$ cat run_33.txt   # compact mmCIF, C-alpha atoms
# COMPACT_ATOMS: atom_id res chain seq x y z
CA MET S 267 -29.34 -40.51 -21.93
CA GLU S 268 -27.03 -37.72 -20.95
CA ARG S 269 -28.21 -35.20 -18.47
CA THR S 270 -27.52 -31.60 -19.06
CA ALA S 271 -28.60 -29.99 -15.85
CA THR S 272 -26.72 -26.71 -15.85
CA ASN S 273 -28.16 -25.29 -12.69
CA PRO S 274 -29.15 -26.54 -9.27
CA SER S 275 -32.04 -28.92 -9.74
CA ILE S 276 -33.60 -31.69 -7.76
CA GLU S 277 -30.32 -33.34 -6.91
CA SER S 278 -28.85 -30.29 -5.26
CA GLU S 279 -31.66 -30.44 -2.76
CA ALA S 280 -29.93 -33.35 -1.06
CA GLU S 281 -27.32 -30.90 0.16
CA SER S 282 -29.84 -28.69 1.88
CA PRO S 283 -29.65 -28.52 5.67
CA GLN S 284 -33.21 -29.75 5.98
CA ILE S 285 -32.54 -32.97 4.14
CA ALA S 286 -29.35 -33.42 6.11
CA GLY S 287 -31.44 -33.35 9.23
CA GLY S 288 -30.74 -29.76 10.22
CA ALA S 289 -33.06 -26.78 10.59
CA PRO S 290 -35.28 -25.79 7.64
CA PRO S 291 -33.47 -23.57 5.17
CA GLU S 292 -33.75 -19.83 5.61
CA LEU S 293 -35.95 -17.95 3.21
CA ASP S 294 -33.01 -15.96 1.85
CA ASP S 295 -31.08 -19.12 1.35
CA LEU S 296 -33.92 -20.75 -0.55
CA TYR S 297 -34.37 -17.69 -2.69
CA ARG S 298 -30.67 -17.43 -3.50
CA ARG S 299 -30.41 -21.08 -4.32
CA HIS S 300 -33.44 -21.38 -6.57
CA HIS S 301 -34.31 -17.94 -7.89
CA GLN S 302 -32.10 -18.04 -10.97
CA ARG S 303 -33.22 -21.50 -11.97
CA ILE S 304 -36.92 -20.78 -11.46
CA VAL S 305 -36.81 -17.52 -13.39
CA ARG S 306 -35.02 -19.21 -16.24
CA LEU S 307 -37.44 -22.13 -16.14
CA CYS S 308 -40.45 -19.82 -16.30
CA ARG S 309 -38.94 -17.82 -19.15
CA MET S 310 -38.35 -21.00 -21.11
CA MET S 311 -41.81 -22.35 -20.39
CA LEU S 312 -43.48 -19.13 -21.45
CA GLY S 313 -40.95 -18.04 -24.07
CA ASP S 314 -41.09 -14.50 -22.72
CA ALA S 315 -38.74 -12.78 -20.30
CA ASP S 316 -41.25 -10.44 -18.65
CA GLU S 317 -43.89 -13.08 -18.31
CA GLY S 318 -41.34 -15.54 -17.00
CA ASP S 319 -40.17 -13.07 -14.38
CA GLU S 320 -43.71 -12.44 -13.21
CA ALA S 321 -44.49 -16.14 -13.06
CA ALA S 322 -41.31 -16.67 -11.05
CA GLN S 323 -42.38 -13.93 -8.65
CA GLU S 324 -45.66 -15.74 -8.14
CA VAL S 325 -43.72 -18.89 -7.38
CA PHE S 326 -41.73 -17.19 -4.64
CA VAL S 327 -44.83 -15.56 -3.22
CA ARG S 328 -46.31 -19.04 -2.93
CA MET S 329 -43.08 -20.23 -1.35
CA LEU S 330 -43.42 -17.49 1.23
CA ALA S 331 -47.02 -18.51 1.92
CA GLN S 332 -45.93 -22.12 2.22
CA ARG S 333 -43.27 -21.20 4.75
CA ARG S 334 -45.74 -19.13 6.74
CA GLY S 335 -48.19 -22.02 6.65
CA GLY S 336 -45.60 -24.05 8.45
CA VAL S 337 -45.63 -26.90 5.93
CA GLU S 338 -42.16 -27.74 4.68
CA PRO S 339 -41.93 -29.74 1.45
CA ALA S 340 -39.53 -32.65 1.47
CA GLN S 341 -37.59 -31.06 -1.37
CA TRP S 342 -37.90 -27.36 -1.96
CA GLY S 343 -36.30 -27.57 -5.40
CA ALA S 344 -38.85 -30.06 -6.71
CA TRP S 345 -41.69 -28.22 -4.97
CA LEU S 346 -40.67 -24.91 -6.51
CA THR S 347 -40.34 -26.48 -9.94
CA ARG S 348 -43.82 -27.94 -9.70
CA VAL S 349 -45.25 -24.65 -8.56
CA ALA S 350 -43.43 -22.93 -11.42
CA ILE S 351 -44.91 -25.37 -13.94
CA ASN S 352 -48.40 -24.74 -12.56
CA ALA S 353 -47.89 -20.99 -12.53
CA CYS S 354 -46.82 -21.09 -16.18
CA HIS S 355 -49.81 -23.26 -17.07
CA ASP S 356 -52.15 -20.83 -15.36
CA ARG S 357 -50.63 -17.91 -17.22
CA ARG S 358 -50.78 -19.67 -20.53
CA ARG S 359 -54.43 -20.51 -20.05
CA SER S 360 -55.46 -16.96 -19.32
CA GLY S 361 -56.73 -14.89 -22.20
CA TRP S 362 -54.78 -11.93 -20.92
CA TRP S 363 -51.55 -13.83 -21.42
CA LYS S 364 -52.55 -14.72 -24.97
CA TRP S 365 -53.23 -11.11 -25.75
CA TRP S 366 -50.08 -9.89 -24.05
CA ARG S 367 -47.97 -12.54 -25.74
CA ARG S 368 -48.88 -11.20 -29.17
CA ASP S 369 -48.02 -7.66 -28.19
CA GLY S 370 -44.26 -7.96 -28.48
CA ARG S 371 -42.54 -5.81 -25.93
CA GLU S 372 -38.99 -4.61 -25.63
CA LEU S 373 -36.82 -6.46 -23.23
CA VAL S 374 -34.81 -4.57 -20.69
CA ASP S 375 -31.35 -5.86 -20.07
CA SER S 376 -30.86 -7.56 -16.75
CA ASP S 377 -28.90 -10.75 -17.12
CA LEU S 378 -29.37 -13.44 -14.55
CA THR S 379 -25.90 -14.72 -15.10
CA ALA S 380 -22.82 -13.45 -16.84
CA ASN S 381 -20.92 -16.70 -17.20
CA ARG S 382 -21.53 -18.55 -20.40
CA ASP S 383 -20.69 -22.05 -21.34
CA ALA S 384 -17.83 -22.50 -23.80
CA GLU S 385 -19.98 -24.61 -26.08
CA GLU S 386 -22.68 -21.99 -26.13
CA GLU S 387 -20.08 -19.43 -27.15
CA ALA S 388 -19.22 -21.64 -30.11
CA ILE S 389 -22.58 -21.15 -31.75
CA THR S 390 -23.17 -17.99 -33.69
CA HIS S 391 -25.71 -15.37 -32.90
CA GLU S 392 -27.79 -16.43 -35.89
CA GLN S 393 -27.73 -20.04 -34.78
CA GLY S 394 -28.76 -19.08 -31.28
CA ALA S 395 -31.57 -16.95 -32.60
CA ALA S 396 -32.72 -19.75 -34.88
CA ILE S 397 -32.65 -22.27 -32.03
CA TRP S 398 -34.60 -19.98 -29.75
CA ARG S 399 -37.08 -19.28 -32.51
CA GLY S 400 -37.48 -23.00 -33.13
CA PHE S 401 -37.83 -23.64 -29.44
CA SER S 402 -40.50 -20.95 -29.14
CA ALA S 403 -42.33 -22.48 -32.09
CA LEU S 404 -42.60 -25.86 -30.38
CA SER S 405 -45.89 -26.75 -28.77
CA PRO S 406 -46.11 -25.80 -25.09
CA ARG S 407 -46.01 -29.47 -24.11
CA GLN S 408 -42.92 -30.13 -26.19
CA ARG S 409 -41.23 -27.11 -24.64
CA GLU S 410 -42.07 -28.21 -21.15
CA VAL S 411 -40.89 -31.75 -21.70
CA PHE S 412 -37.69 -30.56 -23.34
CA VAL S 413 -36.95 -28.15 -20.52
CA LEU S 414 -37.62 -30.63 -17.75
CA ARG S 415 -35.85 -33.58 -19.38
CA GLN S 416 -32.98 -31.94 -21.21
CA ILE S 417 -32.29 -28.84 -19.18
CA GLU S 418 -33.50 -29.66 -15.70
CA GLY S 419 -32.42 -33.27 -16.10
CA TRP S 420 -35.57 -34.84 -14.67
CA PRO S 421 -36.25 -38.52 -15.33
CA THR S 422 -39.13 -39.43 -17.63
CA ARG S 423 -41.41 -40.54 -14.83
CA GLU S 424 -40.96 -37.31 -12.88
CA VAL S 425 -41.70 -35.27 -15.98
CA GLY S 426 -44.80 -37.31 -16.67
CA ALA S 427 -46.03 -36.89 -13.12
CA ALA S 428 -45.42 -33.15 -13.17
CA LEU S 429 -47.13 -32.63 -16.51
CA ASN S 430 -49.80 -35.28 -16.07
CA LEU S 431 -48.53 -37.27 -19.04
CA THR S 432 -47.75 -40.92 -19.55
CA ASP S 433 -44.14 -41.97 -19.99
CA GLN S 434 -44.80 -42.69 -23.64
CA ALA S 435 -46.28 -39.25 -24.18
CA VAL S 436 -43.24 -37.66 -22.54
CA LYS S 437 -40.92 -39.58 -24.85
CA LEU S 438 -42.98 -38.71 -27.90
CA HIS S 439 -42.95 -34.99 -27.08
CA LEU S 440 -39.23 -35.10 -26.43
CA PHE S 441 -38.60 -37.06 -29.61
CA ARG S 442 -40.40 -34.46 -31.68
CA ALA S 443 -38.74 -31.56 -29.93
CA VAL S 444 -35.24 -32.99 -30.31
CA ARG S 445 -35.81 -33.82 -33.96
CA ARG S 446 -37.15 -30.37 -34.75
CA LEU S 447 -34.43 -28.51 -32.91
CA ARG S 448 -31.69 -30.62 -34.44
CA GLU S 449 -33.07 -29.91 -37.89
CA ILE S 450 -32.89 -26.21 -37.12
CA LEU S 451 -29.37 -26.43 -35.74
CA ARG S 452 -28.18 -28.34 -38.79
CA SER S 453 -29.87 -26.04 -41.25
CA GLU S 454 -28.08 -23.08 -39.65
CA ARG S 455 -24.65 -24.68 -39.96
CA MET E 223 -29.61 -55.98 -34.53
CA ASN E 224 -27.02 -55.83 -37.27
CA ALA E 225 -28.17 -52.92 -39.44
CA CYS E 226 -27.01 -49.48 -38.43
CA LEU E 227 -29.51 -47.29 -36.69
CA ASN E 228 -31.19 -44.65 -38.77
CA GLU E 229 -31.75 -41.11 -37.48
CA LYS E 230 -35.23 -41.90 -36.22
CA GLU E 231 -34.08 -44.94 -34.28
CA LEU E 232 -31.14 -43.05 -32.91
CA THR E 233 -33.39 -40.27 -31.67
CA ARG E 234 -35.83 -42.78 -30.19
CA LEU E 235 -32.91 -44.35 -28.38
CA PHE E 236 -31.84 -40.96 -27.16
CA VAL E 237 -35.21 -40.16 -25.60
CA SER E 238 -35.75 -43.65 -24.20
CA ASP E 239 -34.79 -44.79 -20.73
CA ALA E 240 -31.71 -46.87 -20.13
CA ALA E 241 -33.58 -50.18 -19.90
CA GLU E 242 -35.40 -49.73 -23.17
CA MET E 243 -34.37 -50.85 -26.66
CA PRO E 244 -31.69 -53.33 -25.55
CA ALA E 245 -31.00 -54.56 -29.11
CA ALA E 246 -30.34 -51.04 -30.35
CA ARG E 247 -28.08 -50.36 -27.38
CA ALA E 248 -26.17 -53.54 -28.04
CA HIS E 249 -25.67 -52.49 -31.63
CA LEU E 250 -24.61 -49.04 -30.57
CA ALA E 251 -21.97 -50.49 -28.28
CA ALA E 252 -20.58 -52.61 -31.11
CA CYS E 253 -20.78 -50.17 -34.03
CA ALA E 254 -18.25 -47.37 -34.22
CA ALA E 255 -20.17 -45.49 -36.91
CA CYS E 256 -23.37 -45.48 -34.88
CA THR E 257 -21.47 -44.54 -31.73
CA GLU E 258 -20.05 -41.55 -33.55
CA ARG E 259 -23.49 -40.47 -34.74
CA TRP E 260 -24.87 -41.04 -31.26
CA GLU E 261 -22.20 -38.80 -29.77
CA GLU E 262 -22.94 -36.17 -32.35
CA LEU E 263 -26.62 -36.32 -31.48
CA ALA E 264 -25.85 -36.00 -27.78
CA ARG E 265 -23.52 -33.10 -28.47
CA GLU E 266 -26.11 -31.28 -30.56
CA ALA E 267 -28.81 -31.87 -27.97
CA ARG E 268 -26.50 -30.46 -25.31
CA THR E 269 -25.70 -27.43 -27.46
CA ILE E 270 -29.39 -26.80 -28.03
CA ALA E 271 -30.22 -27.15 -24.36
CA GLU E 272 -27.40 -24.85 -23.31
CA THR E 273 -28.30 -22.29 -25.95
CA ILE E 274 -31.88 -22.22 -24.78
CA ALA E 275 -30.90 -22.11 -21.12
CA SER E 276 -28.41 -19.29 -21.70
CA ALA E 277 -30.89 -17.33 -23.75
CA ALA E 278 -33.53 -17.69 -21.06
CA ALA E 279 -31.07 -16.58 -18.43
CA SER E 280 -30.23 -13.38 -20.26
CA ARG E 281 -32.77 -10.78 -21.16
CA SER E 282 -30.29 -9.08 -23.45
CA THR E 283 -29.77 -12.32 -25.36
CA LEU E 284 -33.50 -12.81 -25.70
CA ALA E 285 -33.84 -9.24 -26.94
CA ALA E 286 -31.03 -9.77 -29.42
CA TYR E 287 -32.59 -12.99 -30.66
CA ALA E 288 -35.94 -11.30 -31.06
CA ALA E 289 -34.29 -8.47 -32.99
CA ALA E 290 -32.57 -11.00 -35.25
CA ASN E 291 -35.93 -12.38 -36.24
CA PRO E 292 -37.36 -10.02 -38.84
CA ALA E 293 -39.93 -12.58 -39.94
CA ASP E 294 -41.53 -12.50 -36.54
CA SER E 295 -41.55 -8.73 -36.28
CA GLY E 296 -43.06 -8.52 -39.75
CA ARG E 297 -45.78 -10.90 -38.76
CA LYS E 298 -46.38 -8.88 -35.65
CA ASN E 299 -46.78 -5.70 -37.70
CA LYS E 300 -49.18 -7.42 -40.04
CA ARG E 301 -51.31 -8.33 -37.11
CA GLU E 302 -51.68 -4.74 -35.96
CA PRO E 303 -54.53 -3.74 -38.32
CA GLU E 304 -56.32 -7.01 -37.61
CA ARG E 305 -56.06 -6.44 -33.93
CA ALA E 306 -57.20 -2.83 -34.25
CA ALA E 307 -60.19 -3.98 -36.29
CA GLY E 308 -60.95 -6.60 -33.71
CA TRP E 309 -60.82 -4.03 -30.95
CA PHE E 310 -63.05 -1.67 -32.90
CA VAL E 311 -65.67 -4.33 -33.60
CA GLY E 312 -65.54 -5.51 -30.01
CA ALA E 313 -65.84 -1.99 -28.62
CA THR E 314 -68.70 -1.16 -30.96
CA ALA E 315 -70.61 -4.30 -30.06
CA PHE E 316 -70.00 -3.67 -26.38
CA GLY E 317 -71.10 -0.05 -26.68
CA ALA E 318 -74.27 -0.99 -28.52
CA ALA E 319 -75.10 -3.67 -25.99
CA ALA E 320 -74.46 -1.25 -23.13
CA ALA E 321 -76.64 1.43 -24.74
CA ILE E 322 -79.51 -1.03 -25.21
CA ALA E 323 -79.15 -2.23 -21.65
CA VAL E 324 -79.27 1.34 -20.35
CA MET E 325 -82.31 2.15 -22.46
CA LEU E 326 -84.14 -0.94 -21.28
CA ALA E 327 -83.20 -0.15 -17.69
CA LEU E 328 -84.67 3.32 -18.12
CA GLY E 329 -87.97 1.84 -19.24
CA TRP E 330 -87.64 2.16 -22.94
CA ARG E 331 -89.79 -0.19 -24.94
CA PRO E 332 -90.04 -0.53 -28.71
CA VAL E 333 -93.17 1.68 -28.80
CA LYS E 334 -93.16 2.30 -32.49
CA SER E 335 -93.40 -1.29 -33.50
CA ALA E 336 -96.18 -1.86 -30.96
CA ARG E 337 -98.14 1.06 -32.37
CA ILE E 338 -97.75 -0.32 -35.86
CA ALA E 339 -99.00 -3.69 -34.75
CA SER E 340 -102.01 -2.22 -33.00
CA ALA E 341 -102.73 0.21 -35.82
CA ARG E 342 -102.81 -2.43 -38.48
CA PRO E 343 -106.33 -3.76 -37.86
CA ALA E 344 -107.68 -0.26 -37.49
CA ALA E 345 -105.90 0.80 -40.61
CA ALA E 346 -107.24 -2.14 -42.52
CA LYS E 347 -110.64 -1.18 -41.29
CA ALA E 348 -110.14 2.48 -42.11
CA ALA E 349 -108.71 1.96 -45.53
CA PRO E 350 -111.97 1.30 -47.35
CA VAL E 351 -113.42 4.63 -46.19
CA GLY E 352 -110.63 6.61 -47.73
CA TYR E 353 -112.00 8.71 -50.49
CA ALA E 354 -110.40 8.07 -53.80
CA PRO E 355 -110.06 11.31 -55.72
CA ASN E 356 -109.98 11.43 -59.47
CA GLY E 357 -112.19 8.41 -59.70
CA ALA E 358 -109.61 5.96 -58.36
CA ASP E 359 -111.29 2.95 -56.83
CA ARG E 360 -108.48 1.53 -54.72
CA MET E 361 -106.41 3.19 -52.03
CA THR E 362 -103.59 2.05 -49.85
CA PHE E 363 -103.08 3.07 -46.27
CA ASP E 364 -99.82 3.81 -44.53
CA PRO E 365 -100.41 2.82 -40.91
CA ILE E 366 -97.42 4.80 -39.61
CA SER E 367 -98.24 8.15 -41.12
CA ALA E 368 -101.95 7.33 -41.39
CA ILE E 369 -101.89 8.70 -44.88
CA ALA E 370 -104.03 7.06 -47.50
CA TYR E 371 -102.65 6.84 -50.99
CA ASP E 372 -104.48 6.29 -54.20
CA GLU E 373 -103.13 4.10 -56.96
CA GLY E 374 -101.31 7.04 -58.50
CA GLY E 375 -99.42 7.56 -55.24
CA ALA E 376 -101.17 10.81 -54.33
CA ALA E 377 -102.08 11.23 -50.70
CA ALA E 378 -105.77 11.55 -50.01
CA ALA E 379 -106.55 14.93 -48.48
CA GLY E 380 -106.86 14.96 -44.74
CA SER E 381 -105.89 11.35 -44.39
CA GLY E 382 -102.66 12.40 -42.64
CA ASP E 383 -104.66 13.02 -39.53
CA ALA E 384 -104.73 9.64 -37.98
CA ILE E 385 -107.34 10.55 -35.40
CA PHE E 386 -109.81 11.68 -37.97
CA THR E 387 -109.19 8.85 -40.31
CA LEU E 388 -109.32 6.11 -37.74
CA TYR E 389 -112.14 7.68 -35.78
CA SER E 390 -114.39 7.93 -38.72
CA GLY E 391 -113.53 4.57 -40.21
CA GLY E 392 -116.60 2.55 -41.16
CA ASP E 393 -119.14 4.91 -39.60
CA ASP E 394 -120.03 6.91 -42.58
CA GLY E 395 -118.59 6.21 -45.95
CA ASN E 396 -119.12 9.79 -47.12
CA LEU E 397 -118.07 11.71 -44.06
CA LEU E 398 -114.36 11.44 -44.38
CA PHE E 399 -112.55 14.17 -42.52
CA CYS E 400 -114.77 15.31 -39.72
CA ALA E 401 -114.96 14.24 -36.14
CA PRO E 402 -118.44 13.29 -34.96
CA GLY E 403 -120.47 16.35 -34.07
CA ASP E 404 -118.22 18.64 -36.04
CA ASP E 405 -120.34 20.06 -38.75
CA SER E 406 -118.30 23.11 -39.58
CA GLY E 407 -117.74 24.41 -43.01
CA MET E 408 -114.63 22.38 -43.44
CA CYS E 409 -116.70 19.23 -43.45
CA SER E 410 -118.15 18.17 -46.64
CA THR E 411 -119.67 15.07 -48.09
CA ALA E 412 -119.24 16.29 -51.59
CA PRO E 413 -117.11 14.05 -53.77
CA GLY E 414 -113.72 15.47 -54.60
CA TYR E 415 -113.62 17.78 -51.62
CA ARG E 416 -110.04 18.69 -50.69
CA GLY E 417 -110.48 21.05 -47.78
$ encode --input "run_33.txt" --output "structure tokens"
Amino acid sequence: MERTATNPSIESEAESPQIAGGAPPELDDLYRRHHQRIVRLCRMMLGDADEGDEAAQEVFVRMLAQRRGGVEPAQWGAWLTRVAINACHDRRRSGWWKWWRRDGRELVDSDLTANRDAEEEAITHEQGAAIWRGFSALSPRQREVFVLRQIEGWPTREVGAALNLTDQAVKLHLFRAVRRLREILRSER
Amino acid sequence: MNACLNEKELTRLFVSDAAEMPAARAHLAACAACTERWEELAREARTIAETIASAAASRSTLAAYAAANPADSGRKNKREPERAAGWFVGATAFGAAAAIAVMLALGWRPVKSARIASARPAAAKAAPVGYAPNGADRMTFDPISAIAYDEGGAAAAGSGDAIFTLYSGGDDGNLLFCAPGDDSGMCSTAPGYRG
């Protein structure tokens, strides 16, 4: 299966000074390296920009606490991703989130990144909107599996461990998500 | 496996790990048509993933996508009255519960219902002594107002005074409206007396 990791993910952690045997990475460095990916991940998991940003803030607050506690994870990228998944789960479980989620709010423009992939440019605005709508309509589990497998490029076993799912369940969720999203993409063409 | 893979099998292959479905992989390697479809699937999956990732990275894109989704906004608007009604019902229920809690905390008890319960035996006892004017034999007794009614619905004179009515109940069938010891001119044992 092709991997489509478009941002630093678990693999990039191997280049960190800590893994290379050097000093632990600086806080600023960690933030710079992972902030964009974590924010995007949270937004995708929650399907909401504001909520995603707040969840990502929580993640970095926990990172700060972890650094102050003196316990360094083996891989900060994987650790942050796991914390992000848990933060999104917590938010989704809360009744406040459910209420807030229904109360559509206006989004304020503040792009994380300006560079866009050529292939992404090839799809029309309507197609993009339809894909995002279809993605948002997936079940939370399907969204999570799709994000971790297809976008973050995690292997099945890692996804299952992070989401507390069996390998078969991960594949089933991904199968359904891919089928549904492809149907949408094709219907928009 | 000789037959070409259908869409379902192709998607299953796509989500499976490299070591799984060896027969399908062997067919894929040998079949140009399936390879082409496989590549198309991979390309579409990549497009979808990149579209979602780009959208999530850009708040303006998300806003634009939300704006391009009139069905969603319509549904959101339809929910407004329901949500308002829900809030109203919730607030009313909460307010009522809070008011009852405050009243109970301040020592309020459902006095009226207790009085009714305690008055019932006395009323039942008092009812037979009520004087039935106009020759009516049967009377009813309202324990709350302590007014006795005859069958025609007319209130028996003086029966509105609960103290008198209950006090005198059963003691003297003729002495209807007078407290014991009160032998003023208002008291009468004459039938049909109305004060």
$ closest_residue --input "run_33.txt" --among "S:Asp294, S:Glu424, S:Asp356, S:Asp314" --to "chain E" --atoms "only C-alpha atoms"
S:Asp314
$ atom_distance --input "run_33.txt" --atom1 "CA of Glu317 in chain S" --atom2 "CA of Ala277 in chain E"
14.7 Å
$ atom_distance --input "run_33.txt" --atom1 "CA of Leu414 in chain S" --atom2 "CA of Met243 in chain E"
22.3 Å
$ residues_around --input "run_33.txt" --residues "Arg306 in chain S" --least-positions-apart "5" --cutoff "8 Å" --atoms "all atoms listed in the file" --output "ChimeraX atom specification"
/S:318 /E:275,278-279
$ closest_residue --input "run_33.txt" --among "S:Val411, S:Arg446, S:Phe401, S:Gly426" --to "chain E" --atoms "all atoms listed in the file"
S:Phe401
$ interface_residues --input "run_33.txt" --of "chain E" --to "chain S" --cutoff "10 Å" --atoms "all atoms listed in the file" --output "VMD selection string"
chain E and resid 229 to 230 233 to 240 263 to 291 294 to 295 298 to 299 301 to 302 305
$ write_last_selection --input "run_33.txt" --atoms "C-alpha atoms" --output "PDB file, in the frame of the given file"
ATOM      1  CA  GLU E 229     -31.750 -41.110 -37.480  1.00  0.00           C
ATOM      2  CA  LYS E 230     -35.230 -41.900 -36.220  1.00  0.00           C
ATOM      3  CA  THR E 233     -33.390 -40.270 -31.670  1.00  0.00           C
ATOM      4  CA  ARG E 234     -35.830 -42.780 -30.190  1.00  0.00           C
ATOM      5  CA  LEU E 235     -32.910 -44.350 -28.380  1.00  0.00           C
ATOM      6  CA  PHE E 236     -31.840 -40.960 -27.160  1.00  0.00           C
ATOM      7  CA  VAL E 237     -35.210 -40.160 -25.600  1.00  0.00           C
ATOM      8  CA  SER E 238     -35.750 -43.650 -24.200  1.00  0.00           C
ATOM      9  CA  ASP E 239     -34.790 -44.790 -20.730  1.00  0.00           C
ATOM     10  CA  ALA E 240     -31.710 -46.870 -20.130  1.00  0.00           C
ATOM     11  CA  LEU E 263     -26.620 -36.320 -31.480  1.00  0.00           C
ATOM     12  CA  ALA E 264     -25.850 -36.000 -27.780  1.00  0.00           C
ATOM     13  CA  ARG E 265     -23.520 -33.100 -28.470  1.00  0.00           C
ATOM     14  CA  GLU E 266     -26.110 -31.280 -30.560  1.00  0.00           C
ATOM     15  CA  ALA E 267     -28.810 -31.870 -27.970  1.00  0.00           C
ATOM     16  CA  ARG E 268     -26.500 -30.460 -25.310  1.00  0.00           C
ATOM     17  CA  THR E 269     -25.700 -27.430 -27.460  1.00  0.00           C
ATOM     18  CA  ILE E 270     -29.390 -26.800 -28.030  1.00  0.00           C
ATOM     19  CA  ALA E 271     -30.220 -27.150 -24.360  1.00  0.00           C
ATOM     20  CA  GLU E 272     -27.400 -24.850 -23.310  1.00  0.00           C
ATOM     21  CA  THR E 273     -28.300 -22.290 -25.950  1.00  0.00           C
ATOM     22  CA  ILE E 274     -31.880 -22.220 -24.780  1.00  0.00           C
ATOM     23  CA  ALA E 275     -30.900 -22.110 -21.120  1.00  0.00           C
ATOM     24  CA  SER E 276     -28.410 -19.290 -21.700  1.00  0.00           C
ATOM     25  CA  ALA E 277     -30.890 -17.330 -23.750  1.00  0.00           C
ATOM     26  CA  ALA E 278     -33.530 -17.690 -21.060  1.00  0.00           C
ATOM     27  CA  ALA E 279     -31.070 -16.580 -18.430  1.00  0.00           C
ATOM     28  CA  SER E 280     -30.230 -13.380 -20.260  1.00  0.00           C
ATOM     29  CA  ARG E 281     -32.770 -10.780 -21.160  1.00  0.00           C
ATOM     30  CA  SER E 282     -30.290  -9.080 -23.450  1.00  0.00           C
ATOM     31  CA  THR E 283     -29.770 -12.320 -25.360  1.00  0.00           C
ATOM     32  CA  LEU E 284     -33.500 -12.810 -25.700  1.00  0.00           C
ATOM     33  CA  ALA E 285     -33.840  -9.240 -26.940  1.00  0.00           C
ATOM     34  CA  ALA E 286     -31.030  -9.770 -29.420  1.00  0.00           C
ATOM     35  CA  TYR E 287     -32.590 -12.990 -30.660  1.00  0.00           C
ATOM     36  CA  ALA E 288     -35.940 -11.300 -31.060  1.00  0.00           C
ATOM     37  CA  ALA E 289     -34.290  -8.470 -32.990  1.00  0.00           C
ATOM     38  CA  ALA E 290     -32.570 -11.000 -35.250  1.00  0.00           C
ATOM     39  CA  ASN E 291     -35.930 -12.380 -36.240  1.00  0.00           C
ATOM     40  CA  ASP E 294     -41.530 -12.500 -36.540  1.00  0.00           C
ATOM     41  CA  SER E 295     -41.550  -8.730 -36.280  1.00  0.00           C
ATOM     42  CA  LYS E 298     -46.380  -8.880 -35.650  1.00  0.00           C
ATOM     43  CA  ASN E 299     -46.780  -5.700 -37.700  1.00  0.00           C
ATOM     44  CA  ARG E 301     -51.310  -8.330 -37.110  1.00  0.00           C
ATOM     45  CA  GLU E 302     -51.680  -4.740 -35.960  1.00  0.00           C
ATOM     46  CA  ARG E 305     -56.060  -6.440 -33.930  1.00  0.00           C
TER      47      ARG E 305
END
$ atom_distance --input "run_33.txt" --atom1 "CA of Gly419 in chain S" --atom2 "CA of Arg359 in chain S"
25.7 Å
$ residues_around --input "run_33.txt" --residues "range 328-339 of chain S" --least-positions-apart "6" --cutoff "10 Å" --atoms "all atoms listed in the file" --output "list in words"
Gln284, Pro290, Pro291, Glu292, Leu293, Leu296, Tyr297, Ala322, Trp345, Leu346, Val349, Ala350 and Ala353 of chain S
$ residues_near_point --input "run_33.txt" --point "(-22.8, -45.0, -37.4)" --cutoff "10 Å" --atoms "all atoms listed in the file" --output "ChimeraX atom specification"
/E:225-229,232,249-250,253-261
$ write_last_selection --input "run_33.txt" --atoms "C-alpha atoms" --output "mmCIF file, in the coordinates of the input"
data_model
loop_
_atom_site.group_PDB
_atom_site.id
_atom_site.type_symbol
_atom_site.label_atom_id
_atom_site.label_comp_id
_atom_site.auth_asym_id
_atom_site.auth_seq_id
_atom_site.Cartn_x
_atom_site.Cartn_y
_atom_site.Cartn_z
ATOM 1 C CA ALA E 225 -28.170 -52.920 -39.440
ATOM 2 C CA CYS E 226 -27.010 -49.480 -38.430
ATOM 3 C CA LEU E 227 -29.510 -47.290 -36.690
ATOM 4 C CA ASN E 228 -31.190 -44.650 -38.770
ATOM 5 C CA GLU E 229 -31.750 -41.110 -37.480
ATOM 6 C CA LEU E 232 -31.140 -43.050 -32.910
ATOM 7 C CA HIS E 249 -25.670 -52.490 -31.630
ATOM 8 C CA LEU E 250 -24.610 -49.040 -30.570
ATOM 9 C CA CYS E 253 -20.780 -50.170 -34.030
ATOM 10 C CA ALA E 254 -18.250 -47.370 -34.220
ATOM 11 C CA ALA E 255 -20.170 -45.490 -36.910
ATOM 12 C CA CYS E 256 -23.370 -45.480 -34.880
ATOM 13 C CA THR E 257 -21.470 -44.540 -31.730
ATOM 14 C CA GLU E 258 -20.050 -41.550 -33.550
ATOM 15 C CA ARG E 259 -23.490 -40.470 -34.740
ATOM 16 C CA TRP E 260 -24.870 -41.040 -31.260
ATOM 17 C CA GLU E 261 -22.200 -38.800 -29.770
#
